[in-house]
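J.: One structure, as structure tokens, below. Some questions next.
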There are 4 protein chains.
Amino acid sequence: MAALVARGARSAPGTDVRLKSVDEATSADILWCDGIAVGSPTYLGTLSWRMKRFWDGMQEELWGKIDGRIGCAFSSSGGWGGGAELSCLSMLIVLMNYGFLVFGVPDYVGKKMTLHYGSVVAGEPRTQEETASCERLGERLARWAALRTAAHAVGHNTL
Amino acid sequence: MAALVARGARSAPGTDVRLKSVDEATSADILWCDGIAVGSPTYLGTLSWRMKRFWDGMQEELWGKIDGRIGCAFSSSGGWGGGAELSCLSMLIVLMNYGFLVFGVPDYVGKKMTLHYGSVVAGEPRTQEETASCERLGERLARWAALRTAAHAVGHNTL
Amino acid sequence: MAALVARGARSAPGTDVRLKSVDEATSADILWCDGIAVGSPTYLGTLSWRMKRFWDGMQEELWGKIDGRIGCAFSSSGGWGGGAELSCLSMLIVLMNYGFLVFGVPDYVGKKMTLHYGSVVAGEPRTQEETASCERLGERLARWAALRTAAHAVGHNTL
Amino acid sequence: MAALVARGARSAPGTDVRLKSVDEATSADILWCDGIAVGSPTYLGTLSWRMKRFWDGMQEELWGKIDGRIGCAFSSSGGWGGGAELSCLSMLIVLMNYGFLVFGVPDYVGKKMTLHYGSVVAGEPRTQEETASCERLGERLARWAALRTAAHAVGHNTL
């Protein structure tokens with residue numbers, strides 16, 4: 001899913017993308033970005049402990065320094081009704097706590113497939129709808145992140 | 001979905017079921033039951049205003065009188081990722097506020113279909129998995145509600 | 001609380017504010033604004049049915065027309081632990097469904113008082129901390145909403 | 001908070017209580033209990049990574065073996081509005097995923113203090129209301145857990 005989200009974000013002109021696993025990512029990556037898509041397998045309706053450990057461990061370093069950035073989420077569960085939406089919500093809650101502006105996407109990307117609270121998939125993203133869902137999330141992230149760049153260009157102090 | 005949940009509950013021996021629309025239901029129905037499955041279309045990731053009006057309006061009459069009953073939720077959205085899980089969650093939150101013990105079902109009822117936070121469907125419940133999801137919710141509700149009956153039989157004061 | 005949030009927003013230079021009850025507000029108000037703070041009493045851990053009715057009823061008129069606006073929430077409950085945070089969350093979920101970018105505020109506005117998911121108060125906002133919480137929410141909303149204005153000034157298409 | 005919850009639970013006649021840190025607890029403790037109160041500091045509006053790691057790691061061992069047990073949550077945050085309710089919710093979501101019946105308490109335990117979704121405190125539990133909140137949670141847990149014992153006494157198969 002992460003690779004598809006990255007592809008979607010790259011499709012927006014002028015967007016630089018870093019694609020990192022939670023084990024590779026550092027606070028410097030978070031400070032660098034205007035926006036982020038955070039993904040986790042759906043474990044028990046919330047983000048995985050590894051992803052939580054990443055954000056728990058960043059509090060001292062990042063608290064108060066990343067307000068106003070843009071955030072969204074994606075998750076894959078074992079099946080529909082398995083908690084993927086709730087896992088996305090848990091990641092949005094983590095991001096909001098850091099001051100991120102978080103979003104979902106109202107669009108339908110295929111028959112009976114949308115991503116109102118982030119991109120969700122049952123198993124691996126194989127169908128066209130599932131692929132489109134991930135890409136759409138990345139595209140939208142790039143668009144909203146560009147709001148910040150544009151605002152900076154006119155001297156807006158975004159914190 | 002409601003009819004299927006009711007069918008599932010009725011399949012448990014000794015279970016009486018009332019199947020009511022939110023416009024028909026009264027506080028007497030809530031006081032009568034040991035357990036309830038509350039359903040709503042997924043509107044904006046939360047329960048419909050009609051369903052919310054029902055519970056908002058019952059506070060004076062029911063508050064403090066229905067603690068310890070069993071509750072669960074079901075919802076149908078326009079598509080996967082459309083907020084059905086979150087709508088179920090909103091109904092579970094309403095029920096918890098009244099003191100209900102709420103649950104989801106860990107079981108998978110078909111390929112890539114489960115109901116960890118209530119039964120969720122995209123559109124109408126047509127596939128075998130979707131039908132099974134609703135029925136399983138009703139069966140499980142009947143089982144947990146019977147805990148109360150059994151406890152009453154040995155004089156347990158459940159509030 | 002709404003009046004305090006409005007005061008906070010007005011304190012940001014160049015910010016026009018409309019302060020409306022849910023019975024007065026119309027779709028034109030939503031289309032007019034760059035950002036919105038939605039408030040509701042905490043009823044059963046979710047937004048009130050009147051507030052839900054407002055947003056449920058706007059779907060046909062507003063769907064797809066207000067993506068990328070900025071949103072936040074506030075709520076007053078009968079007591080701490082009474083569901084005010086969850087009510088804020090329910091409003092953020094509604095707003096996200098429409099495509100809003102939603103936020104909370106990491107800042108502490110007094111001893112043991114913050115607004116990570118929106119401004120929350122037990123009873124009426126009387127203490128200095130509670131007043132400051134509402135005002136801070138409005139200030140922050142004005143700041144993030146101004147991102148859009150700034151981006152528009154350089155021709156950014158925000159949808 | 002945990003010690004206070006334990007004290008509340010012990011006050012119910014016939015209740016055996018184990019009080020364990022997440023580092024001490026094992027799957028045997030979970031299998032042993034009829035009900036559990038899970039607590040975590042409020043880190044970013046969700047349970048701590050250590051608590052999540054515990055439950056993530058138990059999936060293979062416990063999945064399908066603990067349905068129908070009773071669960072509740074408690075959390076302490078740095079301040080009101082800091083995510084304690086949401087952290088409780090995240091723990092209830094984890095428990096529901098395992099099949100637990102989860103609950104909050106409608107009662108007010110003091111002026112402006114309740115525990116509708118679990119016991120929440122800002123900082124350490126020092127005031128009488130905060131102490132009472134934790135104890136009440138434990139008492140209620142013991143009561144609902146006893147439903148299972150009573151049902152077992154009359155041969156009810158609770159899974």
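We label chains A, B, ... in the order they appear in the structure tokens, count residues from 1 in each chain, and number ligands from 1 in the order shown.
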Env of A:Gly71: 7 Å cut, atoms = only C-alpha atoms, seq-sep filter 6 positions within chain, self excluded. Answer as a PyMOL selection string.
T.: chain A and resi 35-37+95+100-103
J.: If you take only C-alpha atoms and a cut-off of 8 Å, which residues of chain C touch chain D, and what are their nearest atom pairs and distances in Å to one decimal, in chain and number order, as a tab-separated table?
T.:
residue	atom	partner	partner_atom	distance
C:Gly78	CA	D:Lys112	CA	6.0
C:Gly79	CA	D:Lys112	CA	3.7
C:Trp80	CA	D:Met113	CA	4.9
C:Gly81	CA	D:Leu115	CA	4.7
C:Gly82	CA	D:His116	CA	5.4
C:Gly83	CA	D:His116	CA	6.7
C:Glu85	CA	D:Glu85	CA	6.3
C:Leu86	CA	D:Leu86	CA	6.8
C:Tyr108	CA	D:Gly79	CA	8.0
C:Lys111	CA	D:Gly79	CA	7.4
C:Lys112	CA	D:Gly79	CA	3.7
C:Met113	CA	D:Gly79	CA	4.7
C:Thr114	CA	D:Gly81	CA	5.1
C:Leu115	CA	D:Gly81	CA	4.7
C:His116	CA	D:Gly82	CA	5.4
C:Tyr117	CA	D:Gly81	CA	7.0
C:Gly118	CA	D:Gly81	CA	7.4
C:Ser119	CA	D:Gly81	CA	6.9
C:Val120	CA	D:Gly81	CA	5.8
C:Ala122	CA	D:Lys112	CA	6.4
C:Gly123	CA	D:Lys112	CA	7.6
J.: Could you give me, as a list in words, the residues within 9 Å of D:Ser40, counting only C-alpha atoms and dropping anything in the same chain fewer than 6 positions from it?
T.: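 The filter keeps Thr46, Leu47, Ser48, Arg50, Met51, Ala73, Phe74, Ser75, Ser76, Ser87, Cys88 and Met91 of chain D.
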J.: Save out the residues we just selected, all heavy atoms, as an mmCIF file, in the first residue's frame.
T.:
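Dumped everything to again-v2.cif:
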data_model
loop_
_atom_site.group_PDB
_atom_site.id
_atom_site.type_symbol
_atom_site.label_atom_id
_atom_site.label_comp_id
_atom_site.auth_asym_id
_atom_site.auth_seq_id
_atom_site.Cartn_x
_atom_site.Cartn_y
_atom_site.Cartn_z
ATOM 1 N N THR D 46 -3.846 7.363 22.473
ATOM 2 C CA THR D 46 -4.011 5.916 22.305
ATOM 3 C C THR D 46 -3.190 5.213 23.381
ATOM 4 O O THR D 46 -2.442 5.853 24.112
ATOM 5 C CB THR D 46 -3.519 5.464 20.909
ATOM 6 O OG1 THR D 46 -2.267 6.113 20.647
ATOM 7 C CG2 THR D 46 -4.500 5.844 19.810
ATOM 8 N N LEU D 47 -3.355 3.913 23.463
ATOM 9 C CA LEU D 47 -2.589 3.160 24.465
ATOM 10 C C LEU D 47 -1.098 3.210 24.171
ATOM 11 O O LEU D 47 -0.690 3.375 23.035
ATOM 12 C CB LEU D 47 -3.102 1.729 24.570
ATOM 13 C CG LEU D 47 -2.814 0.706 23.463
ATOM 14 C CD1 LEU D 47 -3.429 -0.635 23.835
ATOM 15 C CD2 LEU D 47 -3.284 1.141 22.101
ATOM 16 N N SER D 48 -0.297 3.044 25.183
ATOM 17 C CA SER D 48 1.165 3.083 25.018
ATOM 18 C C SER D 48 1.637 1.921 24.145
ATOM 19 O O SER D 48 0.970 0.893 24.047
ATOM 20 C CB SER D 48 1.835 2.961 26.382
ATOM 21 O OG SER D 48 1.682 1.642 26.890
ATOM 22 N N ARG D 50 3.959 -0.109 24.733
ATOM 23 C CA ARG D 50 4.227 -1.305 25.538
ATOM 24 C C ARG D 50 2.945 -2.111 25.765
ATOM 25 O O ARG D 50 2.933 -3.339 25.705
ATOM 26 C CB ARG D 50 4.818 -0.909 26.889
ATOM 27 C CG ARG D 50 6.256 -0.459 26.799
ATOM 28 C CD ARG D 50 6.798 -0.006 28.150
ATOM 29 N NE ARG D 50 7.993 0.796 27.991
ATOM 30 C CZ ARG D 50 9.204 0.287 27.772
ATOM 31 N NH1 ARG D 50 9.382 -1.012 27.733
ATOM 32 N NH2 ARG D 50 10.241 1.090 27.606
ATOM 33 N N MET D 51 1.873 -1.392 26.046
ATOM 34 C CA MET D 51 0.597 -2.085 26.243
ATOM 35 C C MET D 51 0.107 -2.692 24.923
ATOM 36 O O MET D 51 -0.426 -3.792 24.902
ATOM 37 C CB MET D 51 -0.449 -1.107 26.796
ATOM 38 C CG MET D 51 -1.800 -1.733 27.081
ATOM 39 S SD MET D 51 -1.725 -3.163 28.202
ATOM 40 C CE MET D 51 -1.608 -2.341 29.790
ATOM 41 N N ALA D 73 -11.393 0.022 30.900
ATOM 42 C CA ALA D 73 -10.126 0.716 30.694
ATOM 43 C C ALA D 73 -9.983 1.912 31.617
ATOM 44 O O ALA D 73 -10.970 2.448 32.122
ATOM 45 C CB ALA D 73 -10.026 1.179 29.239
ATOM 46 N N PHE D 74 -8.745 2.314 31.845
ATOM 47 C CA PHE D 74 -8.468 3.546 32.574
ATOM 48 C C PHE D 74 -7.192 4.181 32.045
ATOM 49 O O PHE D 74 -6.322 3.485 31.504
ATOM 50 C CB PHE D 74 -8.380 3.297 34.089
ATOM 51 C CG PHE D 74 -7.346 2.299 34.532
ATOM 52 C CD1 PHE D 74 -6.070 2.718 34.898
ATOM 53 C CD2 PHE D 74 -7.636 0.950 34.581
ATOM 54 C CE1 PHE D 74 -5.108 1.794 35.318
ATOM 55 C CE2 PHE D 74 -6.677 0.016 34.997
ATOM 56 C CZ PHE D 74 -5.415 0.449 35.375
ATOM 57 N N SER D 75 -7.099 5.497 32.176
ATOM 58 C CA SER D 75 -5.948 6.196 31.622
ATOM 59 C C SER D 75 -5.736 7.529 32.323
ATOM 60 O O SER D 75 -6.681 8.180 32.753
ATOM 61 C CB SER D 75 -6.154 6.433 30.127
ATOM 62 O OG SER D 75 -4.974 6.933 29.526
ATOM 63 N N SER D 76 -4.500 7.909 32.424
ATOM 64 C CA SER D 76 -4.134 9.202 32.999
ATOM 65 C C SER D 76 -3.419 10.039 31.956
ATOM 66 O O SER D 76 -2.477 9.573 31.311
ATOM 67 C CB SER D 76 -3.208 8.998 34.197
ATOM 68 O OG SER D 76 -2.641 10.226 34.589
ATOM 69 N N SER D 87 -7.763 7.371 24.729
ATOM 70 C CA SER D 87 -6.881 6.253 25.091
ATOM 71 C C SER D 87 -7.683 5.093 25.661
ATOM 72 O O SER D 87 -7.432 3.930 25.335
ATOM 73 C CB SER D 87 -5.830 6.709 26.110
ATOM 74 O OG SER D 87 -4.892 7.545 25.495
ATOM 75 N N CYS D 88 -8.642 5.419 26.518
ATOM 76 C CA CYS D 88 -9.541 4.364 27.009
ATOM 77 C C CYS D 88 -10.235 3.686 25.837
ATOM 78 O O CYS D 88 -10.293 2.455 25.759
ATOM 79 C CB CYS D 88 -10.584 4.954 27.964
ATOM 80 S SG CYS D 88 -9.936 5.308 29.621
ATOM 81 N N MET D 91 -8.153 1.165 24.111
ATOM 82 C CA MET D 91 -8.025 -0.106 24.840
ATOM 83 C C MET D 91 -9.305 -0.923 24.750
ATOM 84 O O MET D 91 -9.264 -2.157 24.621
ATOM 85 C CB MET D 91 -7.631 0.165 26.289
ATOM 86 C CG MET D 91 -6.191 0.655 26.384
ATOM 87 S SD MET D 91 -5.616 0.977 28.064
ATOM 88 C CE MET D 91 -6.073 2.711 28.267
#
J.: Going by DSSP on the backbone, which residues of stretch 25-61 of chain A come out as strand (DSSP E or B)? List them as a PDB file with N, CA and C atoms, in the first residue's frame.
T.:
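Once everything was written out, this is result.pdb:
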ATOM      1  N   GLY A  35       3.789  16.864   4.477  1.00  0.00           N
ATOM      2  CA  GLY A  35       2.667  15.974   4.752  1.00  0.00           C
ATOM      3  C   GLY A  35       3.131  14.543   4.831  1.00  0.00           C
ATOM      4  N   ILE A  36       2.327  13.717   5.478  1.00  0.00           N
ATOM      5  CA  ILE A  36       2.727  12.331   5.666  1.00  0.00           C
ATOM      6  C   ILE A  36       1.506  11.414   5.568  1.00  0.00           C
ATOM      7  N   ALA A  37       1.722  10.249   4.974  1.00  0.00           N
ATOM      8  CA  ALA A  37       0.723   9.176   5.025  1.00  0.00           C
ATOM      9  C   ALA A  37       1.316   8.073   5.882  1.00  0.00           C
ATOM     10  N   VAL A  38       0.653   7.776   6.975  1.00  0.00           N
ATOM     11  CA  VAL A  38       1.134   6.764   7.911  1.00  0.00           C
ATOM     12  C   VAL A  38       0.322   5.494   7.729  1.00  0.00           C
ATOM     13  N   GLY A  39       1.011   4.372   7.601  1.00  0.00           N
ATOM     14  CA  GLY A  39       0.296   3.120   7.394  1.00  0.00           C
ATOM     15  C   GLY A  39       0.708   2.053   8.386  1.00  0.00           C
ATOM     16  N   SER A  40      -0.219   1.173   8.669  1.00  0.00           N
ATOM     17  CA  SER A  40       0.054   0.065   9.584  1.00  0.00           C
ATOM     18  C   SER A  40      -0.877  -1.077   9.236  1.00  0.00           C
ATOM     19  N   PRO A  41      -0.409  -2.303   9.414  1.00  0.00           N
ATOM     20  CA  PRO A  41      -1.387  -3.390   9.373  1.00  0.00           C
ATOM     21  C   PRO A  41      -2.420  -3.158  10.463  1.00  0.00           C
ATOM     22  N   TYR A  43      -3.888  -4.227  13.430  1.00  0.00           N
ATOM     23  CA  TYR A  43      -3.736  -5.173  14.537  1.00  0.00           C
ATOM     24  C   TYR A  43      -4.666  -4.739  15.647  1.00  0.00           C
ATOM     25  N   THR A  46      -6.250  -1.023  15.926  1.00  0.00           N
ATOM     26  CA  THR A  46      -5.408   0.136  16.211  1.00  0.00           C
ATOM     27  C   THR A  46      -4.073  -0.043  15.488  1.00  0.00           C
TER      28      THR A  46
END
J.: Quick one: residues within 9 Å of A:Arg140, only C-alpha atoms counted, chain neighbours fewer than 2 positions away excluded, as a list in words?
T.: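 These residues fall inside the cut-off: Gly8, Ala9, Ala12, Gly104, Val105, Glu135, Arg136, Leu137, Gly138, Ala142, Arg143, Trp144 and Ala145 of chain A.
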J.: Any idea what the distance is between atom CA of B:Gly68 and atom CA of B:Gly99?
T.: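 Result for atom CA of B:Gly68 versus atom CA of B:Gly99: 5.8 Å, one decimal.
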J.: Using atom CA of D:Trp55 and atom CA of D:Asp67 as the two end points, give the distance in Å to one decimal.
T.: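 Separating atom CA of D:Trp55 from atom CA of D:Asp67 is a distance of 14.4 Å.
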